[in-house]
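Student: Structure incoming, see below.
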Amino acid sequence: MSEPLLEIRGLKMHFPIYEGAFIRKEVNRVRAVDGLSFDILQGETLGLVGESGCGKSTTGRAIIQLYRPTEGEVRFDGTNLCDLSSKELHPLRRDLQMIFQDPYGSLNPRMTVGDIIAEPLKVHQLAEGKARQERVQELMEIVGLDPRFIRRYPHEFSGGQRQRIGIARALACKPRFIVCDEPISALDVSIQAQIMNLMEDLQNEFDLTYLFIAHDLSAVRHISDRIAVMYLGHLAELAEGAEIYENPLHPYTEALISAVPIPDPEVEKTRQRIVLEGDVPSPLDPPSGCVFHTRCPYAWDRCAKEVPAFQEAEPGHFVACHLVDEPERRGKAGAAEPVATKTPEVNGPTDEEPATEEPHVEKAADEEAADSEETSEEEVTS
Ligand SMILES: Nc1ncnc2c1ncn2[C@@H]1O[C@H](COP(=O)(O)OP(=O)(O)OP(=O)(O)O)[C@@H](O)[C@H]1O
Ligand code: SF4
Ligand SMILES: [Mg+2]
């Protein structure tokens with residue numbers, strides 16, 4: 001097992017909401033990331049998945065200090081990055097890079113490709129003049145771009161080529177850790193595999209560690225050593241890729257996996273899809289206790305009262321769910337009534353029996369489409 005390259009403890013990123021034109025007063029805060037603790041191991045690809053708005057990008061940005069976290073620690077090689085001033089952080093930024101989701105918006109349209117890739121070399125004073133130009137051309141070759149196009153502008157390239165420019169820019173300073181924020185989701189399917197293969201080759205060649213963010217569980221399965229599942233600013237589960245698929249312990253992960261199509265048509269016909277009811281709550285007013293309790297088919301009264309610890313339920317398999325302590329509830333539970341979303345009395349009465357229905361499960365076959373009543377339900381898509 002590799003050593004941790006990054007140790008993240010109690011990471012919080014809250015965005016304050018202010019009101020008032022002259023006297024600005026904080027009236028609320030978006031709890032985008034609300035207390036994450038996990039390690040990223042040297043040389044691994046850690047996939048991070050979850051629904052839109054659950055805080056994946058914010059997590060990536062807070063780890064590499066593009067956002068300065070509200071609370072918590074990010075230890076990189078033993079140094080807590082959150083304690084450092086901008087000046088102290090500057091030399092470390094070379095090691096911590098990001099590839100962005102949007103290959104169109106993330107490149108300055110008024111700069112040539114050569115200038116875009118050279119920018120980090122300039123900022124960190126790593127090469128000048130001819131040496132800088134040669135390094136840029138070398139980087140273009142590494143990512144599969146023709147170095148003769150060094151004076152062209154981003155709009156003269158296709159989406160896949162632009163993403164290669166973004167990758168070259170991220171590689172320029174020979175980083176050790178890269179946050180890959182949905183780097184393929186804006187690309188055509190045919191190009192996605194090429195970019196994924198390129199990223200894997202680069203990882204092997206340059207001993208890179210990736211945090212690979214995606215909506216799509218099937219995309220992270222291919223590239224990830226371990227997978228972390230996020231919901232509303234919290235980590236639900238983290239384990240090795242195969243373990244997450246074969247033995248999901250968190251009900252949210254179960255639902256995500258049930259939504260992934262199976263390539264074998266015979267098996268696909270029998271796939272049971274778990275449809276979560278209700279909307280994702282707002283990070284402005286997250287539910288009490290377990291943040292997933294308003295949609296969890298197994299929730300019982302404890303879930304609305306007590307925040308589940310993110311604990312190692314099995315070796316290397318972390319999960320935040322009370323079912324770890326009370327596994328017998330998995331068989332019989334099913335929230336017939338939504339549990340209260342506001343903070344209840346912590347020591348309140350607990351005589352409520354768990355509901356006895358099975359979780360809402362439906363077949364993935366064609367009959368699902370025919371059932372018009374289901375269309376208003378929010379379905380988990382990976
Ligand atoms: N700079 C900001 N100021 C205020 N709120 C923000 C800011 N950045 C993100 N948020 C909010 O934080 C929450 C998490 O956003 P984030 O972009 O991290 O989600 P995500 O999981 O990356 O979503 P997506 O899959 O759509 O990219 C959202 O509710 C978002 O509106
Ligand atoms: S703690 Fe309760 S509500 Fe949360 S995921 Fe586990 S069973 Fe569901
Ligand atoms: Mg995002």
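Chain labels follow the order of the structure tokens: the first chain is A, the next B, and so on; residue numbering restarts at 1 in every chain, and ligands are counted from 1 in their shown order.
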Please return as a PDB file with C-alpha atoms, in the first residue's frame the residues found within 9 Å of ligand 3, counting only C-alpha atoms and all ligand atoms.
Tutor:
ATOM      1  CA  SER A  52     -24.193  17.953  -9.616  1.00  0.00           C
ATOM      2  CA  GLY A  53     -23.696  20.527  -6.876  1.00  0.00           C
ATOM      3  CA  CYS A  54     -22.550  18.054  -4.209  1.00  0.00           C
ATOM      4  CA  GLY A  55     -19.202  19.854  -3.859  1.00  0.00           C
ATOM      5  CA  LYS A  56     -16.765  17.869  -6.024  1.00  0.00           C
ATOM      6  CA  SER A  57     -15.125  20.840  -7.758  1.00  0.00           C
ATOM      7  CA  THR A  58     -15.033  22.819  -4.529  1.00  0.00           C
ATOM      8  CA  GLY A  60     -10.645  19.772  -5.613  1.00  0.00           C
ATOM      9  CA  GLN A 101     -13.866  20.593 -17.185  1.00  0.00           C
ATOM     10  CA  ASP A 181     -12.200  18.131 -12.809  1.00  0.00           C
ATOM     11  CA  GLU A 182     -14.448  16.234 -15.229  1.00  0.00           C
ATOM     12  CA  ILE A 213     -13.770  14.068 -10.582  1.00  0.00           C
ATOM     13  CA  ALA A 214     -16.734  12.714 -12.554  1.00  0.00           C
ATOM     14  CA  HIS A 215     -20.504  12.399 -12.539  1.00  0.00           C
TER      15      HIS A 215
END
Student: Residues of chain A that approach ligand 2 to 9 Å or less, counting only C-alpha atoms and all ligand atoms: could you list each one with the shortest pair of atoms and its distance in Å to one decimal, rows by chain and increasing residue number, as a Markdown table?
Tutor:
| residue | atom | partner | partner_atom_place_in_ligand_line | distance |
| --- | --- | --- | --- | --- |
| A:Ala236 | CA | ligand 2 | 5 (S) | 7.7 |
| A:Leu249 | CA | ligand 2 | 6 (Fe) | 8.8 |
| A:His250 | CA | ligand 2 | 5 (S) | 5.7 |
| A:Pro251 | CA | ligand 2 | 5 (S) | 5.4 |
| A:Tyr252 | CA | ligand 2 | 5 (S) | 6.6 |
| A:Gly289 | CA | ligand 2 | 1 (S) | 7.9 |
| A:Cys290 | CA | ligand 2 | 4 (Fe) | 4.6 |
| A:Val291 | CA | ligand 2 | 4 (Fe) | 6.7 |
| A:Phe292 | CA | ligand 2 | 4 (Fe) | 5.1 |
| A:His293 | CA | ligand 2 | 3 (S) | 3.5 |
| A:Thr294 | CA | ligand 2 | 3 (S) | 7.1 |
| A:Arg295 | CA | ligand 2 | 3 (S) | 7.5 |
| A:Cys296 | CA | ligand 2 | 8 (Fe) | 4.6 |
| A:Pro297 | CA | ligand 2 | 8 (Fe) | 6.7 |
| A:Tyr298 | CA | ligand 2 | 7 (S) | 4.8 |
| A:Ala299 | CA | ligand 2 | 3 (S) | 4.1 |
| A:Trp300 | CA | ligand 2 | 2 (Fe) | 6.3 |
| A:Asp301 | CA | ligand 2 | 2 (Fe) | 8.3 |
| A:Arg302 | CA | ligand 2 | 2 (Fe) | 7.2 |
| A:Cys303 | CA | ligand 2 | 2 (Fe) | 4.3 |
| A:Ala304 | CA | ligand 2 | 3 (S) | 7.1 |
| A:Glu306 | CA | ligand 2 | 1 (S) | 8.1 |
| A:Val307 | CA | ligand 2 | 1 (S) | 7.4 |
| A:Pro308 | CA | ligand 2 | 1 (S) | 5.7 |
| A:Val319 | CA | ligand 2 | 6 (Fe) | 9.0 |
| A:Ala320 | CA | ligand 2 | 1 (S) | 6.7 |
| A:Cys321 | CA | ligand 2 | 6 (Fe) | 3.6 |
| A:His322 | CA | ligand 2 | 1 (S) | 4.3 |
| A:Leu323 | CA | ligand 2 | 6 (Fe) | 5.4 |
| A:Val324 | CA | ligand 2 | 6 (Fe) | 8.0 |
| A:Arg329 | CA | ligand 2 | 7 (S) | 8.1 |
| A:Arg330 | CA | ligand 2 | 7 (S) | 7.7 |
| A:Ala333 | CA | ligand 2 | 7 (S) | 8.5 |
Student: For a quick check of understanding, using only C-alpha atoms, which of A:Gln161, A:Ser224, A:Thr209, A:Gln192 has the smallest distance to Met98 in chain A?
Tutor: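 Between A:Gln161, A:Ser224, A:Thr209, A:Gln192, the residue approaching Met98 in chain A most closely is A:Thr209.
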Student: Using only C-alpha atoms and all ligand atoms, which of the listed residues (A:Gly43, A:Gly159, A:Gly316, A:Gly50) sits closest to ligand 1?
Tutor: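 Using only C-alpha atoms and all ligand atoms, ligand 1 sits closest to A:Gly50.
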Student: So which residues of range 86-209 of chain A fall under helix (DSSP H, G or I) by DSSP, listed as a ChimeraX atom specification?
Tutor: /A:86-95,113-123,129-142,147-149,154-156,159-171,189-206
Student: With distances taken over only C-alpha atoms, which residue among A:Phe177, A:Phe318, A:Tyr245, A:Phe15 lies nearest Glu71 in chain A?
Tutor: A:Phe15
Student: Hey, what's within 10 Å of His222 in chain A if we count only C-alpha atoms and toss same-chain stuff fewer than 6 positions away? As a ChimeraX atom specification, please?
Tutor: /A:47,196,241
Student: Could those selected residues go to a file with N, CA and C atoms, as a PDB file, in the first residue's frame?
Tutor:
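selection.pdb was written with the following content:
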ATOM      1  N   GLY A  47     -10.989   8.404  -7.684  1.00  0.00           N
ATOM      2  CA  GLY A  47     -12.177   8.927  -8.366  1.00  0.00           C
ATOM      3  C   GLY A  47     -13.089   9.578  -7.340  1.00  0.00           C
ATOM      4  N   MET A 196      -8.546   9.884 -21.951  1.00  0.00           N
ATOM      5  CA  MET A 196      -8.351   9.014 -20.774  1.00  0.00           C
ATOM      6  C   MET A 196      -7.051   8.222 -20.918  1.00  0.00           C
ATOM      7  N   GLY A 241     -11.937   0.476  -6.123  1.00  0.00           N
ATOM      8  CA  GLY A 241     -12.954   0.511  -7.174  1.00  0.00           C
ATOM      9  C   GLY A 241     -13.822  -0.734  -7.197  1.00  0.00           C
TER      10      GLY A 241
END
Student: Using only C-alpha atoms, pick whichever of A:Cys173, A:Cys82, A:Leu107, A:Val275 has the shortest atom-to-atom distance to Gln125 in chain A.
Tutor: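 Answer, going by the shortest atom-to-atom distance: A:Cys173.
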Student: What's around Gln133 in chain A at 10 Å? Count only C-alpha atoms, leave out sequence neighbours fewer than 3 positions away in its own chain, and write the answer as a list in words.
Tutor: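 Neighbouring residues, sequence-local ones excluded: Gly114, Asp115, Ile117, Ala118, Ala127, Glu128, Gly129, Lys130, Val136, Gln137, Glu138, Leu139 and Ile150 of chain A.
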Student: What parts of range 226-309 of chain A does DSSP call strand (DSSP E or B)? I'd like the answer as a VMD selection string.
Tutor: chain A and resid 226 to 231 234 to 240 272 to 274
Student: Those residues you just picked out, can you put them in a file as a PDB file, in the first residue's frame with N, CA and C atoms?
Tutor:
ATOM      1  N   ARG A 226      -9.080   3.830  -6.361  1.00  0.00           N
ATOM      2  CA  ARG A 226     -10.114   3.867  -5.314  1.00  0.00           C
ATOM      3  C   ARG A 226     -11.159   4.893  -5.741  1.00  0.00           C
ATOM      4  N   ILE A 227     -12.344   4.754  -5.166  1.00  0.00           N
ATOM      5  CA  ILE A 227     -13.447   5.666  -5.517  1.00  0.00           C
ATOM      6  C   ILE A 227     -14.056   6.234  -4.235  1.00  0.00           C
ATOM      7  N   ALA A 228     -14.264   7.561  -4.250  1.00  0.00           N
ATOM      8  CA  ALA A 228     -14.960   8.217  -3.138  1.00  0.00           C
ATOM      9  C   ALA A 228     -16.292   8.729  -3.662  1.00  0.00           C
ATOM     10  N   VAL A 229     -17.342   8.516  -2.890  1.00  0.00           N
ATOM     11  CA  VAL A 229     -18.683   8.957  -3.285  1.00  0.00           C
ATOM     12  C   VAL A 229     -19.087  10.105  -2.363  1.00  0.00           C
ATOM     13  N   MET A 230     -19.536  11.192  -2.993  1.00  0.00           N
ATOM     14  CA  MET A 230     -19.848  12.396  -2.223  1.00  0.00           C
ATOM     15  C   MET A 230     -21.332  12.725  -2.332  1.00  0.00           C
ATOM     16  N   TYR A 231     -21.888  13.242  -1.248  1.00  0.00           N
ATOM     17  CA  TYR A 231     -23.291  13.677  -1.268  1.00  0.00           C
ATOM     18  C   TYR A 231     -23.421  14.921  -0.383  1.00  0.00           C
ATOM     19  N   HIS A 234     -20.541  16.046   1.839  1.00  0.00           N
ATOM     20  CA  HIS A 234     -19.990  15.023   2.740  1.00  0.00           C
ATOM     21  C   HIS A 234     -19.522  13.816   1.940  1.00  0.00           C
ATOM     22  N   LEU A 235     -18.578  13.075   2.498  1.00  0.00           N
ATOM     23  CA  LEU A 235     -18.206  11.810   1.878  1.00  0.00           C
ATOM     24  C   LEU A 235     -19.138  10.733   2.403  1.00  0.00           C
ATOM     25  N   ALA A 236     -19.739   9.990   1.478  1.00  0.00           N
ATOM     26  CA  ALA A 236     -20.620   8.890   1.876  1.00  0.00           C
ATOM     27  C   ALA A 236     -19.795   7.609   2.029  1.00  0.00           C
ATOM     28  N   GLU A 237     -18.895   7.388   1.089  1.00  0.00           N
ATOM     29  CA  GLU A 237     -18.182   6.097   1.063  1.00  0.00           C
ATOM     30  C   GLU A 237     -16.882   6.240   0.306  1.00  0.00           C
ATOM     31  N   LEU A 238     -15.890   5.433   0.685  1.00  0.00           N
ATOM     32  CA  LEU A 238     -14.611   5.411  -0.042  1.00  0.00           C
ATOM     33  C   LEU A 238     -14.033   4.004   0.072  1.00  0.00           C
ATOM     34  N   ALA A 239     -13.654   3.446  -1.072  1.00  0.00           N
ATOM     35  CA  ALA A 239     -13.060   2.095  -1.066  1.00  0.00           C
ATOM     36  C   ALA A 239     -12.387   1.846  -2.405  1.00  0.00           C
ATOM     37  N   GLU A 240     -11.733   0.709  -2.524  1.00  0.00           N
ATOM     38  CA  GLU A 240     -11.150   0.350  -3.813  1.00  0.00           C
ATOM     39  C   GLU A 240     -12.276   0.221  -4.839  1.00  0.00           C
ATOM     40  N   GLN A 272     -31.841  -4.188 -11.385  1.00  0.00           N
ATOM     41  CA  GLN A 272     -32.826  -3.525 -10.524  1.00  0.00           C
ATOM     42  C   GLN A 272     -32.325  -2.127 -10.228  1.00  0.00           C
ATOM     43  N   ARG A 273     -33.112  -1.153 -10.568  1.00  0.00           N
ATOM     44  CA  ARG A 273     -32.663   0.226 -10.365  1.00  0.00           C
ATOM     45  C   ARG A 273     -33.346   0.812  -9.125  1.00  0.00           C
ATOM     46  N   ILE A 274     -32.537   1.409  -8.285  1.00  0.00           N
ATOM     47  CA  ILE A 274     -33.108   2.056  -7.098  1.00  0.00           C
ATOM     48  C   ILE A 274     -33.321   3.523  -7.434  1.00  0.00           C
TER      49      ILE A 274
END
Student: From the options A:Gly10, A:Pro69, A:Pro120, A:Pro109, which residue's atoms come nearest to ligand 1, counting only C-alpha atoms and all ligand atoms?
Tutor: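 Among A:Gly10, A:Pro69, A:Pro120, A:Pro109, it is A:Pro69 that comes nearest to ligand 1.
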Student: Could you check the closest approach to Pro286 in chain A for each of A:Leu232, A:Phe76, A:Val179, A:His155 and tell me which residue wins, using only C-alpha atoms?
Tutor: A:Leu232
Student: Using only C-alpha atoms, determine which residues lie at most 12 Å from Ser85 in chain A, disregarding the query and same-chain residues fewer than 6 positions distant; provide the list as a ChimeraX atom specification.
Tutor: /A:65,68,91-92
Student: Could you take the residues named above and write them with C-alpha atoms, as a short mmCIF file (atom, residue, chain, number, x, y, z; two decimals), in the first residue's frame?
Tutor:
data_model
loop_
_atom_site.label_atom_id
_atom_site.label_comp_id
_atom_site.auth_asym_id
_atom_site.auth_seq_id
_atom_site.Cartn_x
_atom_site.Cartn_y
_atom_site.Cartn_z
CA GLN A 65 -5.77 25.92 -2.26
CA ARG A 68 -8.62 28.79 0.97
CA PRO A 91 6.56 27.34 -4.61
CA LEU A 92 4.28 24.44 -3.65
#
Student: Residues near Gln97 in chain A, anyone? I mean within 8 Å using only C-alpha atoms, not counting same-chain ones fewer than 4 positions away, as a list in words.
Tutor: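 Here the answer would be Ile64, Arg93, Ala170, Leu171, Pro175, Phe177, Ile178 and Val179 of chain A.
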Student: Go ahead and write the selection's residues with N, CA and C atoms as a PDB file, in the first residue's frame.
Tutor:
ATOM      1  N   ILE A  64      -6.165  21.995  -3.475  1.00  0.00           N
ATOM      2  CA  ILE A  64      -4.963  22.636  -4.029  1.00  0.00           C
ATOM      3  C   ILE A  64      -4.915  24.130  -3.692  1.00  0.00           C
ATOM      4  N   ARG A  93       2.772  25.452  -5.264  1.00  0.00           N
ATOM      5  CA  ARG A  93       1.724  25.407  -6.296  1.00  0.00           C
ATOM      6  C   ARG A  93       2.192  24.687  -7.552  1.00  0.00           C
ATOM      7  N   ALA A 170      -1.046  21.989 -17.428  1.00  0.00           N
ATOM      8  CA  ALA A 170      -0.977  21.422 -16.074  1.00  0.00           C
ATOM      9  C   ALA A 170       0.344  20.686 -15.837  1.00  0.00           C
ATOM     10  N   LEU A 171       0.895  20.111 -16.911  1.00  0.00           N
ATOM     11  CA  LEU A 171       2.134  19.328 -16.759  1.00  0.00           C
ATOM     12  C   LEU A 171       3.394  20.189 -16.747  1.00  0.00           C
ATOM     13  N   PRO A 175       4.262  18.652 -12.081  1.00  0.00           N
ATOM     14  CA  PRO A 175       3.547  18.543 -10.796  1.00  0.00           C
ATOM     15  C   PRO A 175       3.576  17.115 -10.264  1.00  0.00           C
ATOM     16  N   PHE A 177       0.722  16.259  -8.185  1.00  0.00           N
ATOM     17  CA  PHE A 177      -0.690  15.970  -7.944  1.00  0.00           C
ATOM     18  C   PHE A 177      -1.541  16.820  -8.882  1.00  0.00           C
ATOM     19  N   ILE A 178      -2.496  16.185  -9.546  1.00  0.00           N
ATOM     20  CA  ILE A 178      -3.382  16.945 -10.441  1.00  0.00           C
ATOM     21  C   ILE A 178      -4.846  16.642 -10.107  1.00  0.00           C
ATOM     22  N   VAL A 179      -5.615  17.702  -9.921  1.00  0.00           N
ATOM     23  CA  VAL A 179      -7.070  17.558  -9.811  1.00  0.00           C
ATOM     24  C   VAL A 179      -7.619  17.586 -11.234  1.00  0.00           C
TER      25      VAL A 179
END
Student: Could you state the separation of CA of Thr270 in chain A and CA of Glu254 in chain A in Å, given to one decimal place?
Tutor: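 CA of Glu254 in chain A lies 15.8 Å from CA of Thr270 in chain A.
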